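Below: final.cif (mmCIF, C-alpha atoms)
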```cif
data_target
loop_
_atom_site.label_atom_id
_atom_site.label_comp_id
_atom_site.auth_asym_id
_atom_site.auth_seq_id
_atom_site.Cartn_x
_atom_site.Cartn_y
_atom_site.Cartn_z
CA MET A 1 0.00 0.00 0.00
CA THR A 2 1.35 3.39 -0.97
CA VAL A 3 1.26 6.61 1.00
CA THR A 4 -1.39 7.90 -1.38
CA GLY A 5 -3.52 4.82 -0.72
CA ILE A 6 -3.24 5.31 3.04
CA ILE A 7 -4.15 8.99 2.81
CA THR A 8 -7.08 8.17 0.52
CA ALA A 9 -8.33 5.52 2.97
CA ILE A 10 -8.16 8.04 5.82
CA VAL A 11 -10.02 10.73 3.85
CA ILE A 12 -12.72 8.35 2.58
CA GLY A 13 -12.98 6.81 6.07
CA ALA A 14 -13.45 10.25 7.60
CA ILE A 15 -16.20 11.13 5.13
CA ILE A 16 -18.02 7.80 5.52
CA GLY A 17 -17.59 7.95 9.32
CA PHE A 18 -19.00 11.47 9.57
CA LEU A 19 -21.93 10.61 7.30
CA GLY A 20 -22.59 7.52 9.38
CA ARG A 21 -22.42 9.63 12.50
CA LEU A 22 -25.00 12.04 11.06
CA VAL A 23 -27.36 9.16 10.28
CA ALA A 24 -26.88 7.38 13.62
CA PRO A 25 -29.51 8.25 16.22
CA GLY A 26 -28.58 10.14 19.38
CA LYS A 27 -25.35 11.78 20.44
CA GLN A 28 -22.13 9.87 20.00
CA ASN A 29 -19.39 10.76 22.46
CA ILE A 30 -16.47 9.20 20.61
CA PRO A 31 -13.25 10.87 19.49
CA ILE A 32 -12.69 11.86 15.87
CA TRP A 33 -9.99 9.25 15.34
CA LEU A 34 -12.47 6.53 16.31
CA THR A 35 -15.05 7.94 13.89
CA ILE A 36 -12.44 7.81 11.09
CA LEU A 37 -11.49 4.25 12.03
CA VAL A 38 -15.14 3.14 12.00
CA GLY A 39 -15.55 4.88 8.64
CA ILE A 40 -12.56 3.08 7.12
CA VAL A 41 -13.82 -0.31 8.32
CA ALA A 42 -17.37 0.53 7.17
CA ALA A 43 -16.10 1.49 3.71
CA PHE A 44 -14.42 -1.91 3.32
CA ILE A 45 -17.42 -3.84 4.67
CA GLY A 46 -19.88 -1.81 2.56
CA THR A 47 -17.83 -2.44 -0.58
CA PHE A 48 -17.67 -6.16 0.25
CA ILE A 49 -21.46 -6.32 0.63
CA ALA A 50 -21.96 -4.35 -2.59
CA ARG A 51 -19.70 -6.79 -4.46
CA LEU A 52 -21.67 -9.73 -3.06
CA PHE A 53 -24.84 -8.26 -4.58
CA GLY A 54 -23.06 -7.22 -7.80
CA VAL A 55 -23.66 -3.48 -7.45
CA ALA A 56 -20.08 -2.32 -6.81
CA SER A 57 -19.03 -1.80 -10.44
CA THR A 58 -21.68 0.18 -12.20
CA GLY A 59 -21.26 3.08 -14.59
CA GLY A 60 -20.90 6.41 -12.81
CA ILE A 61 -21.27 6.85 -9.08
CA ASP A 62 -22.08 3.67 -7.20
CA TRP A 63 -24.94 5.07 -5.12
CA ILE A 64 -26.01 1.72 -3.70
CA GLU A 65 -22.45 0.98 -2.55
CA LEU A 66 -22.21 4.43 -0.95
CA ILE A 67 -25.52 3.98 0.86
CA LEU A 68 -24.39 0.56 2.12
CA GLN A 69 -21.15 2.08 3.42
CA ILE A 70 -23.03 4.84 5.25
CA VAL A 71 -25.50 2.37 6.79
CA VAL A 72 -22.64 0.14 7.97
CA ALA A 73 -20.87 3.22 9.37
CA ALA A 74 -24.02 4.31 11.23
CA ILE A 75 -24.35 0.85 12.76
CA GLY A 76 -20.64 0.83 13.61
CA VAL A 77 -20.71 4.31 15.16
CA THR A 78 -23.73 3.35 17.27
CA ILE A 79 -22.06 0.16 18.53
CA VAL A 80 -18.71 1.87 19.20
CA ALA A 81 -20.36 4.85 20.92
CA GLY A 82 -22.26 2.49 23.21
CA ALA A 83 -19.14 0.52 24.06
CA TYR A 84 -16.95 3.62 24.38
CA GLY A 85 -19.51 5.38 26.56
CA ARG A 86 -19.58 2.51 29.06
CA ARG A 87 -15.81 2.55 29.34
CA GLY A 88 -14.72 3.64 32.76
CA VAL A 89 -18.20 3.38 34.25
CA THR A 90 -18.21 1.22 37.37
CA ARG A 91 -21.37 -0.19 38.85
#
```
How would this structure read if it were set down as structure tokens?
Amino acid sequence: MTVTGIITAIVIGAIIGFLGRLVAPGKQNIPIWLTILVGIVAAFIGTFIARLFGVASTGGIDWIELILQIVVAAIGVTIVAGAYGRRGVTR
């Protein structure tokens, strides 16, 4: 993987993570680096799902793939925010 590939993954991950965060219900108290990490993972998982259904390589913008990535990111942000929010809480 080249430096350009790493930077591109970070930028795309940030965009997907922030869009997922906008779609996710409630307030998410997670740091920005965790949002980017969730976005990167969601982009890979969303692309994998899109390829399974055969909608990853269409002409133009792959809207279905993008929507899948955002939905996966919203689910990921919700799960991570719940787990991160419970961190340090003793009962």
Give the answer as one residue: which of A:Val71, A:Gly13, A:Ala24, A:Gly76 has the shortest atom-to-atom distance to Gly39 (chain A), using only C-alpha atoms?
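Ranked by minimum distance to Gly39 (chain A), first place goes to A:Gly13.
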Around all the atoms of region 49-68 of chain A listed in the file, with 6 Å of room on each side, what axis-aligned box do you get, giving centre and edge lengths in Å to one decimal, as AutoDock Vina command-line options?
```
--center_x -22.5 --center_y -1.4 --center_z -6.2 --size_x 19.0 --size_y 28.6 --size_z 28.7
```
Selected residue, from A:Gly5, A:Pro31, A:Gly60, A:Pro25, that lies nearest to Tyr84 (chain A) when counting all atoms listed in the file:
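Among the listed residues, the smallest separation from Tyr84 (chain A) belongs to A:Pro31.
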Which of A:Gly82, A:Gly54, A:Gly59, A:Gly46 sits closest to Lys27 (chain A) [using all atoms listed in the file]:
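The closest residue to Lys27 (chain A) is A:Gly82.
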Test item: residues at most 8 Å from Ala42 (chain A), all atoms listed in the file, excluding those fewer than 5 positions along its chain, as a PyMOL selection string:
chain A and resi 13+16-17+69-70+72-73+76
Pick the closest to Leu19 (chain A) from A:Ile45, A:Leu52, A:Ile7, A:Val77: which is it, counting only C-alpha atoms?
A:Val77
Could you jot down the CA of Trp33 (chain A) to CA of Ile49 (chain A) separation for me, Å, one decimal place?
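Taking CA of Trp33 (chain A) and CA of Ile49 (chain A), their separation equals 24.3 Å.
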Just the number, please: distance in Å from CA of Val80 (chain A) to CA of Ile61 (chain A), one decimal.
28.8 Å
Nearest-residue call for Thr35 (chain A), choices A:Ile67, A:Ala50, A:Ala9, A:Ala74, using all atoms listed in the file:
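The closest residue to Thr35 (chain A) is A:Ala74.
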Interatomic distance, CA of Ala83 (chain A) to CA of Ile30 (chain A) (Å, one decimal):
9.7 Å
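Distances from A:Ile64, A:Ala81, A:Val11, A:Ala56 to Gln28 (chain A) were compared using only C-alpha atoms, and the smallest one belongs to A:Ala81.
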